[in-house]
Amino acid sequence: MIVSASYRTDIPAFYGPWFRQRLSEGYCMVPNPYGGRDYRVDLTPAGVDGFVFWTRNPAPFDAALDDVRRMERPFVVQMTITGYPRPLDRSVIAPDRAIALVRDLSDRFGRRAVVWRYDPVLISDLTPPTFHIDTVDRLASALAGSVDEVVLSMATIYKKTRTNLDRRAHLDGFAWRDPDLTEKQDLLARLGGIAALHGMTPTVCSQSDLVTGTLKSARCIDAVRLSDLAGRPLKAPVAGNRPGCLCARSRDIGVYDTCPHGCVYCYAVRNRDKAQANHAAHAPGAPSLRP
């Protein structure tokens with residue numbers, strides 16, 4: 001089984017000691033986000049084919065990555081770098097620092113072990129289309145040679161996302177909007193073209209209606225990439241968790257409303273205050289991330 005850690009929260013940035021403890025004990029418990037009983041995930045070498053880590057700051061996770069390497073299991077780091085203004089990204093590390101960390105991961109583990117995510121693409125007074133074009137060009141130039149793929153997506157406006165965006169827009173005095181399909185297609189195609197000029201394959205996450213031109217559909221949980229890193233084939237059927245998702249079957253071990261980064265467009269956090277409280281209440285020795 002491929003283990004995802006985690007698209008529900010930033011385990012590398014905030015929960016490294018917990019993850020290392022769970023590896024040492026060989027399992028973790030995961031609250032079912034849709035109700036029902038908690039479920040157990042085997043984290044022994046025999047039970048794990050590979051890991052996918054999702055983060056905005058892998059620096060606190062160095063020791064955990066060394067643990068995984070000693071397990072002789074492949075891993076991929078999905079690293080988000082957007083360079084958004086602070087009203088949108090309250091507390092993530094600066095882009096220059098994030099770029100340096102990607103370069104370091106690529107040097108240590110190979111560029112197949114790192115994927116750059118420029119997502120979600122949010123259109124606002126602070127981040128108009130020209131902002132994204134200029135930022136992707138600058139970031140792609142800095143990351144060229146360190147990664148071979150960039151994952152793009154337009155912001156999906158869930159009810160909780162709209163609430164958080166409206167609140168922050170009111171407090172910080174900006175406006176945001178959800179563009180029409182044609183504008184989204186045109187912008188992603190342009191961003192993908194820029195990335196391609198820098199030697200990266202541009203892919204789109206779970207938005208098949210935006211895949212045009214040279215863009216391809218993303219496989220964020222990518223058994224082929226993990227197989228390349230492992231030097232052996234990994235068998236994992238496609239089992240996406242939403243329409244248009246081409247991810248391989250995996251088990252995610254995170255918990256919603258536990259990431260304190262405070263990105264206002266985040267689908268995984270309903271309320272930042274609650275997420276910060278949950279993070280503060282977390283017990284690193286507990287079997288689950290549930291506070």
# chains A, B, ... in the order shown; residues from 1 in each chain; ligands from 1
$ residues_around --residues "A:Ser227" --least-positions-apart "2" --cutoff "12 Å" --atoms "only C-alpha atoms" --output "PyMOL selection string"
chain A and resi 2+49-51+73-76+112-113+221-225+229-236
$ closest_atom_pairs --of "stretch 4-89 of chain A" --to "stretch 240-251 of chain A" --cutoff "9 Å" --atoms "only C-alpha atoms" --output "Markdown table"
| residue | atom | partner | partner_atom | distance |
| --- | --- | --- | --- | --- |
| A:Ser4 | CA | A:Arg251 | CA | 5.8 |
| A:Ala5 | CA | A:Arg251 | CA | 8.6 |
| A:Val41 | CA | A:Arg251 | CA | 7.4 |
$ write_last_selection --atoms "all heavy atoms" --output "PDB file, in the first residue's frame"
ATOM      1  N   SER A   4      -0.070   8.072   2.045  1.00  0.00           N
ATOM      2  CA  SER A   4      -0.093   9.502   1.773  1.00  0.00           C
ATOM      3  C   SER A   4      -0.055  10.262   3.088  1.00  0.00           C
ATOM      4  O   SER A   4      -0.870  10.031   3.978  1.00  0.00           O
ATOM      5  CB  SER A   4      -1.374   9.857   1.004  1.00  0.00           C
ATOM      6  OG  SER A   4      -1.574  11.250   0.953  1.00  0.00           O
ATOM      7  N   ALA A   5       0.892  11.214   3.202  1.00  0.00           N
ATOM      8  CA  ALA A   5       1.082  11.927   4.467  1.00  0.00           C
ATOM      9  C   ALA A   5       1.402  13.398   4.203  1.00  0.00           C
ATOM     10  O   ALA A   5       2.563  13.746   4.155  1.00  0.00           O
ATOM     11  CB  ALA A   5       2.218  11.265   5.265  1.00  0.00           C
ATOM     12  N   VAL A  41      -3.508   1.760   9.958  1.00  0.00           N
ATOM     13  CA  VAL A  41      -2.666   1.719   8.772  1.00  0.00           C
ATOM     14  C   VAL A  41      -1.319   1.120   9.161  1.00  0.00           C
ATOM     15  O   VAL A  41      -0.652   1.610  10.078  1.00  0.00           O
ATOM     16  CB  VAL A  41      -2.471   3.119   8.163  1.00  0.00           C
ATOM     17  CG1 VAL A  41      -1.487   3.078   6.996  1.00  0.00           C
ATOM     18  CG2 VAL A  41      -3.812   3.684   7.693  1.00  0.00           C
TER      19      VAL A  41
END
$ atom_distance --atom1 "atom CA of A:Arg219" --atom2 "atom CA of A:Leu88"
26.3 Å
$ closest_residue --among "A:Val114, A:Ala196, A:Leu191, A:Val92" --to "A:Pro129" --atoms "only C-alpha atoms"
A:Leu191
$ closest_residue --among "A:Ala175, A:Thr9, A:Val255, A:Pro287" --to "A:Gly26" --atoms "only C-alpha atoms"
A:Pro287
$ closest_residue --among "A:Cys263, A:Met29, A:Leu210, A:Ala13" --to "A:Pro60" --atoms "only C-alpha atoms"
A:Ala13
$ residues_around --residues "A:Glu72" --least-positions-apart "4" --cutoff "9 Å" --atoms "only C-alpha atoms" --output "ChimeraX atom specification"
/A:45,67-68,230
$ select_by_dssp --residues "stretch 107-241 of chain A" --states "alpha helix (DSSP H)" --output "MDAnalysis selection string"
chainID A and resid 107:109 129:143 159:172 181:197 223:230
$ write_last_selection --atoms "C-alpha atoms" --output "CSV table (one decimal), in the first residue's frame"
chain,number,residue,atom,x,y,z
A,107,ASP,CA,20.4,16.8,-4.6
A,108,ARG,CA,20.0,14.2,-1.8
A,109,PHE,CA,17.3,12.0,-3.2
A,129,PRO,CA,-3.4,36.6,-13.9
A,130,THR,CA,-0.3,38.7,-14.5
A,131,PHE,CA,0.9,37.8,-11.0
A,132,HIS,CA,0.7,34.1,-11.7
A,133,ILE,CA,2.4,34.4,-15.0
A,134,ASP,CA,5.3,36.4,-13.6
A,135,THR,CA,5.6,34.2,-10.4
A,136,VAL,CA,5.5,30.9,-12.3
A,137,ASP,CA,8.2,32.2,-14.6
A,138,ARG,CA,10.4,33.3,-11.7
A,139,LEU,CA,9.9,30.1,-9.7
A,140,ALA,CA,10.3,27.7,-12.6
A,141,SER,CA,13.5,29.4,-13.6
A,142,ALA,CA,14.8,29.0,-10.0
A,143,LEU,CA,13.7,25.3,-9.8
A,159,LYS,CA,-18.5,26.5,0.9
A,160,LYS,CA,-15.9,26.6,3.7
A,161,THR,CA,-13.3,28.1,1.2
A,162,ARG,CA,-15.7,30.9,0.2
A,163,THR,CA,-16.4,31.7,3.9
A,164,ASN,CA,-12.7,31.9,4.7
A,165,LEU,CA,-11.9,33.9,1.6
A,166,ASP,CA,-14.7,36.4,2.2
A,167,ARG,CA,-13.7,36.9,5.8
A,168,ARG,CA,-10.0,37.5,4.9
A,169,ALA,CA,-10.9,39.7,1.9
A,170,HIS,CA,-13.1,41.9,4.2
A,171,LEU,CA,-10.3,42.2,6.8
A,172,ASP,CA,-7.5,42.9,4.4
A,181,LEU,CA,-13.9,28.1,-17.7
A,182,THR,CA,-12.3,29.7,-20.7
A,183,GLU,CA,-10.2,32.1,-18.6
A,184,LYS,CA,-9.1,29.2,-16.4
A,185,GLN,CA,-8.1,27.1,-19.4
A,186,ASP,CA,-6.2,30.0,-21.0
A,187,LEU,CA,-4.3,30.8,-17.8
A,188,LEU,CA,-3.3,27.2,-17.0
A,189,ALA,CA,-2.2,26.7,-20.6
A,190,ARG,CA,0.0,29.7,-20.4
A,191,LEU,CA,1.4,28.7,-17.0
A,192,GLY,CA,2.1,25.2,-18.3
A,193,GLY,CA,3.8,26.6,-21.3
A,194,ILE,CA,6.2,28.6,-19.1
A,195,ALA,CA,7.0,25.6,-17.0
A,196,ALA,CA,7.7,23.5,-20.1
A,197,LEU,CA,10.2,26.1,-21.3
A,223,ALA,CA,3.0,4.5,-8.7
A,224,VAL,CA,5.2,5.0,-11.8
A,225,ARG,CA,7.3,7.7,-10.2
A,226,LEU,CA,7.6,5.6,-7.0
A,227,SER,CA,8.6,2.6,-9.1
A,228,ASP,CA,11.4,4.6,-10.8
A,229,LEU,CA,12.7,5.6,-7.4
A,230,ALA,CA,12.4,2.1,-6.0
$ closest_residue --among "A:Ile11, A:Val3, A:Asn57, A:Ala218" --to "A:Ala94" --atoms "only C-alpha atoms"
A:Asn57
$ closest_residue --among "A:Val150, A:Ala59, A:Leu101, A:Met200" --to "A:Phe14" --atoms "only C-alpha atoms"
A:Ala59
$ residues_around --residues "A:Val30" --least-positions-apart "5" --cutoff "10 Å" --atoms "only C-alpha atoms" --output "JSON, numbers by chain"
{"A": [37, 38, 39, 40, 41, 251, 252, 253, 254, 255, 287, 288, 289, 290]}
$ atom_distance --atom1 "atom CA of A:Met154" --atom2 "atom CA of A:Thr82"
12.5 Å
$ closest_residue --among "A:Ala280, A:Glu25, A:Asp42, A:Asn32" --to "A:Tyr256" --atoms "only C-alpha atoms"
A:Asn32
$ select_by_dssp --residues "stretch 112-179 of chain A" --states "strand (DSSP E or B)" --output "compact mmCIF listing (two decimals) with N, CA and C atoms, in the first residue's frame"
# COMPACT_ATOMS: atom_id res chain seq x y z
N VAL A 114 10.98 14.73 -5.99
CA VAL A 114 10.34 15.99 -5.63
C VAL A 114 9.46 16.46 -6.77
N VAL A 115 8.24 16.87 -6.44
CA VAL A 115 7.32 17.48 -7.41
C VAL A 115 6.93 18.85 -6.89
N TRP A 116 7.04 19.84 -7.75
CA TRP A 116 6.62 21.20 -7.38
C TRP A 116 5.13 21.35 -7.66
N ARG A 117 4.41 21.90 -6.69
CA ARG A 117 2.99 22.21 -6.85
C ARG A 117 2.81 23.73 -6.84
N TYR A 118 2.26 24.25 -7.93
CA TYR A 118 1.82 25.65 -7.93
C TYR A 118 0.29 25.59 -7.96
N ASP A 119 -0.25 25.37 -6.78
CA ASP A 119 -1.71 25.25 -6.69
C ASP A 119 -2.15 25.47 -5.25
N PRO A 120 -3.39 25.95 -5.11
CA PRO A 120 -4.32 26.32 -6.17
C PRO A 120 -4.02 27.73 -6.70
N VAL A 121 -4.40 27.93 -7.96
CA VAL A 121 -4.27 29.25 -8.59
C VAL A 121 -5.52 30.05 -8.24
N ILE A 123 -7.48 33.70 -8.20
CA ILE A 123 -7.55 35.02 -8.85
C ILE A 123 -8.14 36.03 -7.87
N SER A 124 -7.37 37.07 -7.61
CA SER A 124 -7.79 38.12 -6.68
C SER A 124 -7.11 39.42 -7.06
N ALA A 144 14.45 25.04 -12.13
CA ALA A 144 14.85 24.27 -13.31
C ALA A 144 16.03 23.35 -12.97
N VAL A 147 13.47 19.77 -10.44
CA VAL A 147 12.21 19.03 -10.52
C VAL A 147 11.88 18.79 -11.99
N GLU A 149 8.46 18.07 -12.88
CA GLU A 149 7.02 18.22 -13.02
C GLU A 149 6.52 19.35 -12.14
N VAL A 150 5.56 20.11 -12.65
CA VAL A 150 4.83 21.06 -11.82
C VAL A 150 3.35 20.73 -11.93
N VAL A 151 2.69 20.65 -10.79
CA VAL A 151 1.25 20.39 -10.73
C VAL A 151 0.52 21.71 -10.56
N LEU A 152 -0.45 21.93 -11.44
CA LEU A 152 -1.25 23.15 -11.42
C LEU A 152 -2.70 22.80 -11.14
N SER A 153 -3.44 23.72 -10.57
CA SER A 153 -4.90 23.60 -10.48
C SER A 153 -5.46 24.97 -10.16
N MET A 154 -6.69 25.21 -10.59
CA MET A 154 -7.39 26.41 -10.19
C MET A 154 -8.06 26.16 -8.83
N TRP A 176 -11.78 38.89 -4.53
CA TRP A 176 -11.38 37.68 -5.25
C TRP A 176 -12.54 37.26 -6.14
N ARG A 177 -12.26 36.39 -7.09
CA ARG A 177 -13.31 35.91 -7.97
C ARG A 177 -12.97 34.51 -8.48
$ atom_distance --atom1 "atom CA of A:Pro202" --atom2 "atom CA of A:Lys216"
6.5 Å
$ residues_around --residues "A:Arg70" --least-positions-apart "4" --cutoff "12 Å" --atoms "only C-alpha atoms" --output "list in words"
Leu23, Ser24, Thr44, Pro45, Ala63, Ala64, Leu65, Asp66, Pro74 and Phe75 of chain A
$ write_last_selection --atoms "all heavy atoms" --output "compact mmCIF listing (two decimals), in the first residue's frame"
# COMPACT_ATOMS: atom_id res chain seq x y z
N LEU A 23 6.33 5.30 12.81
CA LEU A 23 7.18 4.37 12.07
C LEU A 23 7.84 3.38 13.00
O LEU A 23 7.91 2.18 12.71
CB LEU A 23 8.26 5.13 11.30
CG LEU A 23 7.92 5.78 9.96
CD1 LEU A 23 9.19 6.30 9.30
CD2 LEU A 23 7.21 4.81 9.02
N SER A 24 8.32 3.87 14.14
CA SER A 24 9.01 2.98 15.07
C SER A 24 8.08 1.94 15.66
O SER A 24 8.50 0.81 15.95
CB SER A 24 9.67 3.79 16.20
OG SER A 24 8.69 4.35 17.07
N THR A 44 4.79 -0.75 8.72
CA THR A 44 6.00 -1.57 8.70
C THR A 44 6.54 -1.66 7.28
O THR A 44 5.79 -1.45 6.30
CB THR A 44 5.70 -2.98 9.21
OG1 THR A 44 4.79 -3.63 8.30
CG2 THR A 44 5.09 -2.95 10.61
N PRO A 45 7.80 -2.00 7.11
CA PRO A 45 8.33 -2.16 5.75
C PRO A 45 7.54 -3.17 4.92
O PRO A 45 7.37 -2.98 3.71
CB PRO A 45 9.77 -2.65 5.99
CG PRO A 45 10.14 -2.05 7.31
CD PRO A 45 8.87 -2.11 8.13
N ALA A 63 14.89 14.20 9.53
CA ALA A 63 15.16 12.93 10.22
C ALA A 63 14.17 11.86 9.80
O ALA A 63 14.52 10.68 9.67
CB ALA A 63 15.12 13.14 11.73
N ALA A 64 12.92 12.26 9.58
CA ALA A 64 11.91 11.29 9.16
C ALA A 64 12.22 10.74 7.77
O ALA A 64 12.03 9.54 7.51
CB ALA A 64 10.53 11.93 9.19
N LEU A 65 12.68 11.60 6.87
CA LEU A 65 13.05 11.13 5.53
C LEU A 65 14.21 10.15 5.61
O LEU A 65 14.26 9.16 4.86
CB LEU A 65 13.40 12.31 4.63
CG LEU A 65 12.24 13.24 4.27
CD1 LEU A 65 12.73 14.38 3.39
CD2 LEU A 65 11.11 12.49 3.58
N ASP A 66 15.15 10.40 6.51
CA ASP A 66 16.24 9.45 6.71
C ASP A 66 15.71 8.11 7.23
O ASP A 66 16.19 7.04 6.83
CB ASP A 66 17.28 10.01 7.67
CG ASP A 66 18.11 11.14 7.05
OD1 ASP A 66 18.20 11.19 5.80
OD2 ASP A 66 18.64 11.97 7.81
N PRO A 74 10.58 3.79 -1.28
CA PRO A 74 10.64 5.05 -2.04
C PRO A 74 9.67 6.08 -1.50
O PRO A 74 8.65 5.74 -0.88
CB PRO A 74 10.24 4.62 -3.45
CG PRO A 74 9.32 3.47 -3.23
CD PRO A 74 9.88 2.73 -2.04
N PHE A 75 10.00 7.34 -1.73
CA PHE A 75 9.07 8.41 -1.34
C PHE A 75 9.16 9.55 -2.34
O PHE A 75 10.17 9.75 -3.01
CB PHE A 75 9.35 8.92 0.07
CG PHE A 75 10.69 9.58 0.25
CD1 PHE A 75 10.87 10.92 -0.07
CD2 PHE A 75 11.79 8.88 0.74
CE1 PHE A 75 12.10 11.56 0.09
CE2 PHE A 75 13.02 9.49 0.90
CZ PHE A 75 13.18 10.83 0.57
